[in-house]
Each structure stands twice: as C-alpha cells, then as structure tokens.
$ cat start_0.cif   # mmCIF, C-alpha atoms; chains and numbers go by the auth columns
data_entry
#
loop_
_atom_site.group_PDB
_atom_site.id
_atom_site.type_symbol
_atom_site.label_atom_id
_atom_site.label_comp_id
_atom_site.label_asym_id
_atom_site.label_seq_id
_atom_site.Cartn_x
_atom_site.Cartn_y
_atom_site.Cartn_z
_atom_site.B_iso_or_equiv
_atom_site.auth_seq_id
_atom_site.auth_asym_id
ATOM 1 C CA MET A 1 19.862 14.973 -26.095 0.00 1 A
ATOM 2 C CA THR A 2 17.569 14.585 -29.086 0.00 2 A
ATOM 3 C CA LYS A 3 13.815 14.390 -28.704 0.00 3 A
ATOM 4 C CA THR A 4 13.941 10.714 -29.736 0.00 4 A
ATOM 5 C CA ALA A 5 16.618 9.869 -27.173 0.00 5 A
ATOM 6 C CA SER A 6 14.759 11.873 -24.549 0.00 6 A
ATOM 7 C CA SER A 7 11.471 10.035 -25.125 0.00 7 A
ATOM 8 C CA LYS A 8 13.211 6.662 -25.045 0.00 8 A
ATOM 9 C CA LYS A 9 14.946 7.584 -21.786 0.00 9 A
ATOM 10 C CA GLN A 10 11.669 8.810 -20.265 0.00 10 A
ATOM 11 C CA LEU A 11 9.871 5.599 -21.260 0.00 11 A
ATOM 12 C CA LEU A 12 12.632 3.436 -19.808 0.00 12 A
ATOM 13 C CA GLU A 13 12.783 5.420 -16.568 0.00 13 A
ATOM 14 C CA THR A 14 9.003 5.239 -16.151 0.00 14 A
ATOM 15 C CA ALA A 15 8.910 1.527 -16.928 0.00 15 A
ATOM 16 C CA ALA A 16 11.836 0.894 -14.563 0.00 16 A
ATOM 17 C CA ARG A 17 10.099 2.618 -11.665 0.00 17 A
ATOM 18 C CA LEU A 18 6.782 0.859 -12.287 0.00 18 A
ATOM 19 C CA PHE A 19 8.261 -2.590 -12.930 0.00 19 A
ATOM 20 C CA TYR A 20 10.411 -2.346 -9.808 0.00 20 A
ATOM 21 C CA GLN A 21 7.631 -1.136 -7.526 0.00 21 A
ATOM 22 C CA LYS A 22 4.621 -3.020 -8.900 0.00 22 A
ATOM 23 C CA GLY A 23 5.985 -5.973 -10.859 0.00 23 A
ATOM 24 C CA TYR A 24 6.299 -6.776 -14.537 0.00 24 A
ATOM 25 C CA ARG A 25 2.979 -8.489 -15.142 0.00 25 A
ATOM 26 C CA ALA A 26 1.018 -5.891 -13.153 0.00 26 A
ATOM 27 C CA ILE A 27 2.187 -3.047 -15.387 0.00 27 A
ATOM 28 C CA GLY A 28 0.959 -2.805 -18.945 0.00 28 A
ATOM 29 C CA VAL A 29 2.026 -0.643 -21.830 0.00 29 A
ATOM 30 C CA ASP A 30 -1.002 1.617 -21.285 0.00 30 A
ATOM 31 C CA THR A 31 0.135 2.437 -17.751 0.00 31 A
ATOM 32 C CA ILE A 32 3.692 3.141 -18.918 0.00 32 A
ATOM 33 C CA THR A 33 2.566 5.480 -21.683 0.00 33 A
ATOM 34 C CA GLU A 34 0.073 7.225 -19.412 0.00 34 A
ATOM 35 C CA GLU A 35 2.608 7.773 -16.601 0.00 35 A
ATOM 36 C CA SER A 36 5.386 8.843 -18.974 0.00 36 A
ATOM 37 C CA GLY A 37 3.169 11.133 -21.038 0.00 37 A
ATOM 38 C CA ILE A 38 4.534 9.513 -24.197 0.00 38 A
ATOM 39 C CA GLY A 39 2.280 7.851 -26.746 0.00 39 A
ATOM 40 C CA LYS A 40 2.050 4.171 -27.502 0.00 40 A
ATOM 41 C CA MET A 41 3.303 4.607 -31.065 0.00 41 A
ATOM 42 C CA THR A 42 6.459 6.245 -29.749 0.00 42 A
ATOM 43 C CA LEU A 43 6.938 3.438 -27.236 0.00 43 A
ATOM 44 C CA TYR A 44 6.704 0.846 -30.013 0.00 44 A
ATOM 45 C CA ARG A 45 9.169 2.817 -32.149 0.00 45 A
ATOM 46 C CA HIS A 46 11.737 2.424 -29.363 0.00 46 A
ATOM 47 C CA PHE A 47 10.750 -1.008 -28.060 0.00 47 A
ATOM 48 C CA GLU A 48 9.110 -3.586 -30.304 0.00 48 A
ATOM 49 C CA SER A 49 7.235 -5.131 -27.388 0.00 49 A
ATOM 50 C CA LYS A 50 6.817 -5.006 -23.627 0.00 50 A
ATOM 51 C CA ASN A 51 9.286 -7.895 -23.487 0.00 51 A
ATOM 52 C CA ASP A 52 11.904 -5.725 -25.196 0.00 52 A
ATOM 53 C CA LEU A 53 11.216 -2.978 -22.674 0.00 53 A
ATOM 54 C CA ILE A 54 11.653 -5.448 -19.796 0.00 54 A
ATOM 55 C CA VAL A 55 14.971 -6.647 -21.208 0.00 55 A
ATOM 56 C CA ALA A 56 16.142 -3.043 -21.709 0.00 56 A
ATOM 57 C CA TYR A 57 15.281 -2.327 -18.080 0.00 57 A
ATOM 58 C CA LEU A 58 17.167 -5.422 -16.898 0.00 58 A
ATOM 59 C CA ARG A 59 20.214 -4.483 -18.994 0.00 59 A
ATOM 60 C CA ALA A 60 20.161 -0.985 -17.484 0.00 60 A
ATOM 61 C CA SER A 61 19.770 -2.540 -14.016 0.00 61 A
ATOM 62 C CA ASP A 62 22.795 -4.750 -14.689 0.00 62 A
ATOM 63 C CA THR A 63 24.883 -1.708 -15.574 0.00 63 A
ATOM 64 C CA LYS A 64 23.688 0.108 -12.452 0.00 64 A
ATOM 65 C CA PHE A 65 24.386 -2.925 -10.247 0.00 65 A
ATOM 66 C CA TRP A 66 28.015 -3.126 -11.415 0.00 66 A
ATOM 67 C CA GLU A 67 28.497 0.631 -11.041 0.00 67 A
ATOM 68 C CA GLU A 68 27.233 0.370 -7.457 0.00 68 A
ATOM 69 C CA PHE A 69 29.385 -2.718 -6.850 0.00 69 A
ATOM 70 C CA GLU A 70 32.508 -0.847 -7.971 0.00 70 A
ATOM 71 C CA LYS A 71 31.560 2.204 -5.914 0.00 71 A
ATOM 72 C CA ALA A 72 30.994 0.085 -2.791 0.00 72 A
ATOM 73 C CA THR A 73 34.259 -1.835 -3.146 0.00 73 A
ATOM 74 C CA LYS A 74 36.656 0.775 -4.554 0.00 74 A
ATOM 75 C CA ASP A 75 38.282 1.609 -1.214 0.00 75 A
ATOM 76 C CA ALA A 76 38.641 -2.004 -0.060 0.00 76 A
ATOM 77 C CA PHE A 77 42.261 -3.142 0.108 0.00 77 A
ATOM 78 C CA SER A 78 41.875 -6.891 -0.231 0.00 78 A
ATOM 79 C CA PRO A 79 39.526 -9.315 -1.996 0.00 79 A
ATOM 80 C CA ARG A 80 38.077 -10.287 1.404 0.00 80 A
ATOM 81 C CA ASP A 81 37.443 -6.629 2.177 0.00 81 A
ATOM 82 C CA LYS A 82 35.783 -6.166 -1.227 0.00 82 A
ATOM 83 C CA LEU A 83 33.324 -8.950 -0.449 0.00 83 A
ATOM 84 C CA VAL A 84 32.594 -7.497 2.986 0.00 84 A
ATOM 85 C CA ALA A 85 32.221 -3.991 1.521 0.00 85 A
ATOM 86 C CA PHE A 86 29.697 -5.260 -1.016 0.00 86 A
ATOM 87 C CA PHE A 87 27.612 -6.920 1.695 0.00 87 A
ATOM 88 C CA ARG A 88 27.854 -3.828 3.898 0.00 88 A
ATOM 89 C CA SER A 89 26.471 -1.795 1.005 0.00 89 A
ATOM 90 C CA LEU A 90 23.803 -4.437 0.399 0.00 90 A
ATOM 91 C CA SER A 91 22.667 -4.239 4.033 0.00 91 A
ATOM 92 C CA PHE A 92 22.018 -0.503 3.605 0.00 92 A
ATOM 93 C CA TYR A 93 20.277 -1.016 0.280 0.00 93 A
ATOM 94 C CA VAL A 94 17.875 -3.731 1.432 0.00 94 A
ATOM 95 C CA THR A 95 16.795 -1.673 4.439 0.00 95 A
ATOM 96 C CA HIS A 96 16.138 1.489 2.441 0.00 96 A
ATOM 97 C CA PRO A 97 12.424 2.362 2.415 0.00 97 A
ATOM 98 C CA ASN A 98 12.344 2.422 -1.406 0.00 98 A
ATOM 99 C CA CYS A 99 13.913 -1.020 -1.835 0.00 99 A
ATOM 100 C CA CYS A 100 11.617 -3.495 -3.565 0.00 100 A
ATOM 101 C CA GLY A 101 14.104 -6.344 -3.779 0.00 101 A
ATOM 102 C CA CYS A 102 16.001 -7.398 -6.877 0.00 102 A
ATOM 103 C CA PRO A 103 14.719 -6.664 -10.383 0.00 103 A
ATOM 104 C CA PHE A 104 16.376 -9.850 -11.654 0.00 104 A
ATOM 105 C CA LEU A 105 14.789 -12.110 -9.054 0.00 105 A
ATOM 106 C CA ASN A 106 11.480 -10.381 -9.632 0.00 106 A
ATOM 107 C CA ALA A 107 11.731 -11.083 -13.379 0.00 107 A
ATOM 108 C CA ALA A 108 12.741 -14.722 -12.910 0.00 108 A
ATOM 109 C CA THR A 109 9.898 -15.211 -10.435 0.00 109 A
ATOM 110 C CA GLU A 110 7.247 -13.636 -12.633 0.00 110 A
ATOM 111 C CA TYR A 111 8.558 -15.293 -15.802 0.00 111 A
ATOM 112 C CA PRO A 112 9.839 -18.745 -14.810 0.00 112 A
ATOM 113 C CA ASP A 113 10.072 -20.008 -18.411 0.00 113 A
ATOM 114 C CA SER A 114 13.813 -20.338 -19.042 0.00 114 A
ATOM 115 C CA ASP A 115 13.328 -19.302 -22.685 0.00 115 A
ATOM 116 C CA TYR A 116 11.697 -15.986 -21.813 0.00 116 A
ATOM 117 C CA PRO A 117 14.039 -13.080 -22.756 0.00 117 A
ATOM 118 C CA GLY A 118 13.687 -11.397 -19.350 0.00 118 A
ATOM 119 C CA HIS A 119 14.466 -14.665 -17.569 0.00 119 A
ATOM 120 C CA ILE A 120 17.546 -15.095 -19.750 0.00 120 A
ATOM 121 C CA ALA A 121 18.724 -11.541 -18.941 0.00 121 A
ATOM 122 C CA ALA A 122 18.155 -12.185 -15.220 0.00 122 A
ATOM 123 C CA LEU A 123 20.097 -15.447 -15.342 0.00 123 A
ATOM 124 C CA GLU A 124 23.001 -13.809 -17.189 0.00 124 A
ATOM 125 C CA HIS A 125 23.228 -11.153 -14.497 0.00 125 A
ATOM 126 C CA LYS A 126 23.095 -13.681 -11.652 0.00 126 A
ATOM 127 C CA GLU A 127 25.766 -15.850 -13.282 0.00 127 A
ATOM 128 C CA SER A 128 28.052 -12.824 -13.601 0.00 128 A
ATOM 129 C CA VAL A 129 27.563 -12.047 -9.901 0.00 129 A
ATOM 130 C CA ARG A 130 28.364 -15.654 -8.947 0.00 130 A
ATOM 131 C CA GLN A 131 31.491 -15.472 -11.103 0.00 131 A
ATOM 132 C CA ARG A 132 32.623 -12.220 -9.461 0.00 132 A
ATOM 133 C CA PHE A 133 32.084 -13.766 -6.028 0.00 133 A
ATOM 134 C CA ARG A 134 34.061 -16.850 -7.166 0.00 134 A
ATOM 135 C CA ASP A 135 36.926 -14.702 -8.433 0.00 135 A
ATOM 136 C CA LEU A 136 37.099 -12.650 -5.243 0.00 136 A
ATOM 137 C CA ALA A 137 36.827 -15.777 -3.092 0.00 137 A
ATOM 138 C CA ARG A 138 39.721 -17.371 -5.011 0.00 138 A
ATOM 139 C CA GLN A 139 41.815 -14.189 -4.716 0.00 139 A
ATOM 140 C CA ALA A 140 41.047 -14.039 -0.978 0.00 140 A
ATOM 141 C CA GLY A 141 42.396 -17.565 -0.529 0.00 141 A
ATOM 142 C CA ALA A 142 39.132 -19.384 0.176 0.00 142 A
ATOM 143 C CA ARG A 143 39.596 -23.127 0.558 0.00 143 A
ATOM 144 C CA ASN A 144 36.656 -23.736 -1.793 0.00 144 A
ATOM 145 C CA PRO A 145 35.915 -20.570 -3.806 0.00 145 A
ATOM 146 C CA GLY A 146 32.941 -22.097 -5.616 0.00 146 A
ATOM 147 C CA VAL A 147 31.219 -23.084 -2.391 0.00 147 A
ATOM 148 C CA LEU A 148 31.837 -19.674 -0.830 0.00 148 A
ATOM 149 C CA ALA A 149 30.583 -17.917 -3.959 0.00 149 A
ATOM 150 C CA ASP A 150 27.384 -19.948 -3.924 0.00 150 A
ATOM 151 C CA GLN A 151 26.868 -19.324 -0.203 0.00 151 A
ATOM 152 C CA LEU A 152 27.334 -15.590 -0.704 0.00 152 A
ATOM 153 C CA TYR A 153 25.036 -15.633 -3.713 0.00 153 A
ATOM 154 C CA LEU A 154 22.286 -17.306 -1.673 0.00 154 A
ATOM 155 C CA LEU A 155 22.835 -14.842 1.154 0.00 155 A
ATOM 156 C CA MET A 156 22.577 -11.890 -1.241 0.00 156 A
ATOM 157 C CA ASP A 157 19.387 -13.124 -2.870 0.00 157 A
ATOM 158 C CA GLY A 158 17.909 -13.963 0.521 0.00 158 A
ATOM 159 C CA ALA A 159 18.499 -10.354 1.577 0.00 159 A
ATOM 160 C CA TYR A 160 16.821 -9.108 -1.597 0.00 160 A
ATOM 161 C CA MET A 161 13.788 -11.315 -0.987 0.00 161 A
ATOM 162 C CA ALA A 162 13.610 -10.242 2.659 0.00 162 A
ATOM 163 C CA ALA A 163 13.479 -6.633 1.477 0.00 163 A
ATOM 164 C CA ARG A 164 10.650 -7.452 -0.917 0.00 164 A
ATOM 165 C CA LEU A 165 8.672 -9.290 1.766 0.00 165 A
ATOM 166 C CA PHE A 166 9.354 -7.305 4.925 0.00 166 A
ATOM 167 C CA LYS A 167 10.215 -3.897 3.464 0.00 167 A
ATOM 168 C CA ARG A 168 12.474 -1.727 5.638 0.00 168 A
ATOM 169 C CA ASP A 169 12.490 -3.707 8.902 0.00 169 A
ATOM 170 C CA ASN A 170 13.819 -7.000 7.601 0.00 170 A
ATOM 171 C CA PRO A 171 16.426 -9.672 8.314 0.00 171 A
ATOM 172 C CA GLY A 172 18.558 -8.317 5.452 0.00 172 A
ATOM 173 C CA ALA A 173 19.862 -5.740 7.918 0.00 173 A
ATOM 174 C CA ASN A 174 22.117 -8.508 9.268 0.00 174 A
ATOM 175 C CA VAL A 175 23.471 -9.690 5.930 0.00 175 A
ATOM 176 C CA VAL A 176 26.981 -8.287 6.447 0.00 176 A
ATOM 177 C CA GLU A 177 27.489 -10.197 9.698 0.00 177 A
ATOM 178 C CA ALA A 178 26.413 -13.433 8.026 0.00 178 A
ATOM 179 C CA ALA A 179 28.704 -12.761 5.061 0.00 179 A
ATOM 180 C CA ILE A 180 31.694 -12.185 7.351 0.00 180 A
ATOM 181 C CA VAL A 181 31.095 -15.526 9.094 0.00 181 A
ATOM 182 C CA LEU A 182 30.967 -17.365 5.753 0.00 182 A
ATOM 183 C CA ILE A 183 33.954 -15.549 4.258 0.00 183 A
ATOM 184 C CA ASP A 184 36.220 -15.944 7.261 0.00 184 A
ATOM 185 C CA ALA A 185 35.276 -19.584 7.793 0.00 185 A
ATOM 186 C CA GLN A 186 36.520 -20.278 4.257 0.00 186 A
ATOM 187 C CA ILE A 187 39.630 -18.108 4.466 0.00 187 A
ATOM 188 C CA THR A 188 40.965 -18.555 7.992 0.00 188 A
ATOM 189 C CA GLY A 189 38.630 -20.971 9.688 0.00 189 A
ATOM 190 C CA GLU A 190 37.857 -18.180 12.162 0.00 190 A
ATOM 191 C CA THR A 191 35.490 -15.223 12.187 0.00 191 A
ATOM 192 C CA GLN A 192 36.352 -11.540 12.393 0.00 192 A
ATOM 193 C CA THR A 193 34.251 -8.392 12.584 0.00 193 A
#
$ encode --input "start_0.cif" --output "structure tokens"
Amino acid sequence: MTKTASSKKQLLETAARLFYQKGYRAIGVDTITEESGIGKMTLYRHFESKNDLIVAYLRASDTKFWEEFEKATKDAFSPRDKLVAFFRSLSFYVTHPNCCGCPFLNAATEYPDSDYPGHIAALEHKESVRQRFRDLARQAGARNPGVLADQLYLLMDGAYMAARLFKRDNPGANVVEAAIVLIDAQITGETQT
C-alpha cells in the first residue's frame, strides 16, 4: 500500500470510529487529524471537506453492511430463513458493547436536510435494505411483500435506535423473535420459532 493510500485509509478509519462513537457534528477535522496523526493538508488532499469524509464513511459502511448481510445469510436455505438469519445476526450486533446504533440513522438524524450529501447516502442505503427485504419477502411467498418489508425495516431501525439509547442491555435483544412473528404471519398466517 502506498503512503498516500495508507494515509487515506488511516484518516477514514479514524473518522469512522469517531463519527460512530461520538456523532458527526461533535467531531471536527481537528480531532480527526489529531487522533490519526495525519495533518490537515493531507486530509484535504484526500477529502475536499468534512462532508466528503462523512459520505466516504457512509459508503464504506454500506459495503460493510452488505458483506455482513451476506455472511449472516449465506447458510440459510430459504428466503424466510435468510430474513430470520439477518435478524438473528442483528440481535447479536445491537447487544454488543461497542454498538452505537446505525451510522445511517445517525447521519440522517444529525443532518435532516434531504439535500445534504450524507443524508442522501443514508437514504440510498436504507432504500436498498428495504428493497432487499421486499425481494426476500416476495421470494418467501409473503401475502404483501411491501408491507412485510416495511415492517421489518421499522423493526431493524428500532433495534438500532434501542442500541444507541440503551447500549448493551436493550430491547433489541428480542428483535429476532419479533421478526419471526411478522414474517410467519405474512407467509403462513402462523408463527414458528
């Protein structure tokens, strides 16, 4: 890895950790450069502004989310099982002591202006998640895939917010049970475990 690529990676990793733990508005460029040990001029060579750094972090978070989604669902045999596997993985994630919620929700909350680049990146991610839920719900035979997808989306984001608010001991620990009830009510009209 070149020195340029290494400094860019270090800046992004430092910003990611700080943004996720402390919030976007609470962390300035000075803090990022100080914690990373990389100068401000170098930061601005890689990222034109803090907004560009936020968007780069959200894009990297999107990639990581989908990698984790695929990892969590790879052994599931059916679309229903894929949905359940995702929520099982989510229940572990939101109860991990280092979980600070969802970087996309955090960005949309801190930057509610729909024209803000970070808000746009967050919305794109959330729409892609809703679409994946819709596709899996349709493949699983849900009576109304759009409704199920939206219910699961709300459940997911509720678990993320519970993690942000309550930290480790939070209602998100029960997200998989709630997901199973919603999924099975749409597929069979019954619930399974």
$ closest_residue --input "start_0.cif" --among "A:Ala26, A:Ala173, A:Leu58, A:Cys99" --to "Leu155 (chain A)" --atoms "all atoms listed in the file"
A:Ala173
$ residues_around --input "start_0.cif" --residues "Phe19 (chain A)" --least-positions-apart "2" --cutoff "12 Å" --atoms "all atoms listed in the file" --output "VMD selection string"
chain A and resid 11 to 17 21 to 29 31 to 32 50 to 51 53 to 58 61 100 to 104 106 to 107 110
$ closest_residue --input "start_0.cif" --among "A:Gln10, A:Thr63, A:Thr73, A:Ser49" --to "Glu35 (chain A)" --atoms "all atoms listed in the file"
A:Gln10
$ atom_distance --input "start_0.cif" --atom1 "CA of Tyr111 (chain A)" --atom2 "CA of Ser6 (chain A)"
29.2 Å
$ closest_residue --input "start_0.cif" --among "A:Ala108, A:Ala60, A:Met156, A:Leu43" --to "Ser89 (chain A)" --atoms "only C-alpha atoms"
A:Met156
$ closest_residue --input "start_0.cif" --among "A:Leu152, A:Gly118, A:Ala85, A:Ala159" --to "Glu68 (chain A)" --atoms "all atoms listed in the file"
A:Ala85
$ atom_distance --input "start_0.cif" --atom1 "CA of Lys82 (chain A)" --atom2 "CA of Ile183 (chain A)"
11.0 Å
$ residues_around --input "start_0.cif" --residues "Ser91 (chain A)" --least-positions-apart "2" --cutoff "6 Å" --atoms "only C-alpha atoms" --output "JSON, numbers by chain"
{"A": [88, 89, 93, 94, 172, 173, 175]}
$ closest_residue --input "start_0.cif" --among "A:Ala185, A:Gly141, A:Asp52, A:Arg132" --to "Tyr116 (chain A)" --atoms "all atoms listed in the file"
A:Asp52
$ resolve_selection --input "start_0.cif" --expression "the PyMOL selection byres ((chain A and resi 80) around 10)" --output "JSON, numbers by chain"
{"A": [76, 77, 78, 79, 81, 82, 83, 84, 85, 136, 137, 138, 139, 140, 141, 142, 180, 183, 184, 187]}
$ write_last_selection --input "start_0.cif" --atoms "C-alpha atoms" --output "compact mmCIF listing (two decimals), keeping the file's coordinate frame"
# COMPACT_ATOMS: atom_id res chain seq x y z
CA ALA A 76 38.64 -2.00 -0.06
CA PHE A 77 42.26 -3.14 0.11
CA SER A 78 41.88 -6.89 -0.23
CA PRO A 79 39.53 -9.32 -2.00
CA ASP A 81 37.44 -6.63 2.18
CA LYS A 82 35.78 -6.17 -1.23
CA LEU A 83 33.32 -8.95 -0.45
CA VAL A 84 32.59 -7.50 2.99
CA ALA A 85 32.22 -3.99 1.52
CA LEU A 136 37.10 -12.65 -5.24
CA ALA A 137 36.83 -15.78 -3.09
CA ARG A 138 39.72 -17.37 -5.01
CA GLN A 139 41.82 -14.19 -4.72
CA ALA A 140 41.05 -14.04 -0.98
CA GLY A 141 42.40 -17.57 -0.53
CA ALA A 142 39.13 -19.38 0.18
CA ILE A 180 31.69 -12.18 7.35
CA ILE A 183 33.95 -15.55 4.26
CA ASP A 184 36.22 -15.94 7.26
CA ILE A 187 39.63 -18.11 4.47
$ atom_distance --input "start_0.cif" --atom1 "CA of His119 (chain A)" --atom2 "CA of Phe65 (chain A)"
17.0 Å
$ closest_residue --input "start_0.cif" --among "A:Lys71, A:Ala149, A:Asp115, A:Lys8" --to "Ser128 (chain A)" --atoms "only C-alpha atoms"
A:Ala149
$ resolve_selection --input "start_0.cif" --expression "the PyMOL selection byres ((chain A and resi 148) around 9)" --output "PDB file with C-alpha atoms, in the coordinates of the input"
ATOM      1  CA  PHE A 133      32.084 -13.766  -6.028  1.00  0.00           C
ATOM      2  CA  ARG A 134      34.061 -16.850  -7.166  1.00  0.00           C
ATOM      3  CA  ALA A 137      36.827 -15.777  -3.092  1.00  0.00           C
ATOM      4  CA  ALA A 142      39.132 -19.384   0.176  1.00  0.00           C
ATOM      5  CA  ARG A 143      39.596 -23.127   0.558  1.00  0.00           C
ATOM      6  CA  ASN A 144      36.656 -23.736  -1.793  1.00  0.00           C
ATOM      7  CA  PRO A 145      35.915 -20.570  -3.806  1.00  0.00           C
ATOM      8  CA  GLY A 146      32.941 -22.097  -5.616  1.00  0.00           C
ATOM      9  CA  VAL A 147      31.219 -23.084  -2.391  1.00  0.00           C
ATOM     10  CA  ALA A 149      30.583 -17.917  -3.959  1.00  0.00           C
ATOM     11  CA  ASP A 150      27.384 -19.948  -3.924  1.00  0.00           C
ATOM     12  CA  GLN A 151      26.868 -19.324  -0.203  1.00  0.00           C
ATOM     13  CA  LEU A 152      27.334 -15.590  -0.704  1.00  0.00           C
ATOM     14  CA  TYR A 153      25.036 -15.633  -3.713  1.00  0.00           C
ATOM     15  CA  LEU A 182      30.967 -17.365   5.753  1.00  0.00           C
ATOM     16  CA  ILE A 183      33.954 -15.549   4.258  1.00  0.00           C
ATOM     17  CA  GLN A 186      36.520 -20.278   4.257  1.00  0.00           C
TER      18      GLN A 186
END
$ residues_around --input "start_0.cif" --residues "Trp66 (chain A)" --least-positions-apart "6" --cutoff "10 Å" --atoms "only C-alpha atoms" --output "PyMOL selection string"
chain A and resi 72+125+128-129
$ axis_aligned_box --input "start_0.cif" --around "region 104-120 of chain A" --padding-each-side "6 Å" --output "JSON"
{"center_x": 12.4, "center_y": -15.1, "center_z": -15.9, "size_x": 22.3, "size_y": 22.5, "size_z": 25.7}
$ decode --input "start_0.cif" --residues "region 35-48 of chain A" --atoms "N, CA, C and O atoms" --output "PDB file, in the first residue's frame"
ATOM      1  N   GLU A  35      -6.177  12.683  16.174  1.00  0.00           N
ATOM      2  CA  GLU A  35      -6.260  11.255  16.547  1.00  0.00           C
ATOM      3  C   GLU A  35      -5.580  10.350  15.521  1.00  0.00           C
ATOM      4  O   GLU A  35      -5.067   9.293  15.881  1.00  0.00           O
ATOM      5  N   SER A  36      -5.600  10.736  14.264  1.00  0.00           N
ATOM      6  CA  SER A  36      -4.990   9.906  13.221  1.00  0.00           C
ATOM      7  C   SER A  36      -3.487  10.145  13.099  1.00  0.00           C
ATOM      8  O   SER A  36      -2.769   9.303  12.552  1.00  0.00           O
ATOM      9  N   GLY A  37      -3.032  11.301  13.595  1.00  0.00           N
ATOM     10  CA  GLY A  37      -1.622  11.645  13.444  1.00  0.00           C
ATOM     11  C   GLY A  37      -1.278  12.101  12.040  1.00  0.00           C
ATOM     12  O   GLY A  37      -0.115  12.136  11.650  1.00  0.00           O
ATOM     13  N   ILE A  38      -2.285  12.460  11.270  1.00  0.00           N
ATOM     14  CA  ILE A  38      -2.097  12.895   9.883  1.00  0.00           C
ATOM     15  C   ILE A  38      -2.547  14.347   9.769  1.00  0.00           C
ATOM     16  O   ILE A  38      -3.599  14.720  10.285  1.00  0.00           O
ATOM     17  N   GLY A  39      -1.773  15.141   9.097  1.00  0.00           N
ATOM     18  CA  GLY A  39      -2.026  16.580   9.015  1.00  0.00           C
ATOM     19  C   GLY A  39      -3.278  16.955   8.229  1.00  0.00           C
ATOM     20  O   GLY A  39      -3.785  16.192   7.403  1.00  0.00           O
ATOM     21  N   LYS A  40      -3.715  18.169   8.526  1.00  0.00           N
ATOM     22  CA  LYS A  40      -4.929  18.693   7.887  1.00  0.00           C
ATOM     23  C   LYS A  40      -4.780  18.817   6.368  1.00  0.00           C
ATOM     24  O   LYS A  40      -5.718  18.549   5.622  1.00  0.00           O
ATOM     25  N   MET A  41      -3.593  19.228   5.923  1.00  0.00           N
ATOM     26  CA  MET A  41      -3.392  19.361   4.474  1.00  0.00           C
ATOM     27  C   MET A  41      -3.553  18.014   3.774  1.00  0.00           C
ATOM     28  O   MET A  41      -4.129  17.936   2.692  1.00  0.00           O
ATOM     29  N   THR A  42      -3.052  16.969   4.417  1.00  0.00           N
ATOM     30  CA  THR A  42      -3.194  15.628   3.839  1.00  0.00           C
ATOM     31  C   THR A  42      -4.656  15.216   3.813  1.00  0.00           C
ATOM     32  O   THR A  42      -5.141  14.650   2.827  1.00  0.00           O
ATOM     33  N   LEU A  43      -5.374  15.508   4.899  1.00  0.00           N
ATOM     34  CA  LEU A  43      -6.803  15.191   4.935  1.00  0.00           C
ATOM     35  C   LEU A  43      -7.513  15.861   3.760  1.00  0.00           C
ATOM     36  O   LEU A  43      -8.278  15.210   3.045  1.00  0.00           O
ATOM     37  N   TYR A  44      -7.238  17.133   3.547  1.00  0.00           N
ATOM     38  CA  TYR A  44      -7.927  17.864   2.469  1.00  0.00           C
ATOM     39  C   TYR A  44      -7.448  17.455   1.074  1.00  0.00           C
ATOM     40  O   TYR A  44      -8.144  17.712   0.092  1.00  0.00           O
ATOM     41  N   ARG A  45      -6.293  16.804   0.985  1.00  0.00           N
ATOM     42  CA  ARG A  45      -5.883  16.250  -0.312  1.00  0.00           C
ATOM     43  C   ARG A  45      -6.744  15.037  -0.654  1.00  0.00           C
ATOM     44  O   ARG A  45      -7.048  14.783  -1.808  1.00  0.00           O
ATOM     45  N   HIS A  46      -7.133  14.288   0.372  1.00  0.00           N
ATOM     46  CA  HIS A  46      -7.942  13.079   0.157  1.00  0.00           C
ATOM     47  C   HIS A  46      -9.440  13.363   0.138  1.00  0.00           C
ATOM     48  O   HIS A  46     -10.190  12.716  -0.590  1.00  0.00           O
ATOM     49  N   PHE A  47      -9.858  14.296   0.966  1.00  0.00           N
ATOM     50  CA  PHE A  47     -11.282  14.620   1.115  1.00  0.00           C
ATOM     51  C   PHE A  47     -11.420  16.142   1.062  1.00  0.00           C
ATOM     52  O   PHE A  47     -10.840  16.829   1.903  1.00  0.00           O
ATOM     53  N   GLU A  48     -12.181  16.632   0.102  1.00  0.00           N
ATOM     54  CA  GLU A  48     -12.287  18.077  -0.072  1.00  0.00           C
ATOM     55  C   GLU A  48     -12.892  18.784   1.137  1.00  0.00           C
ATOM     56  O   GLU A  48     -12.617  19.950   1.371  1.00  0.00           O
TER      57      GLU A  48
END
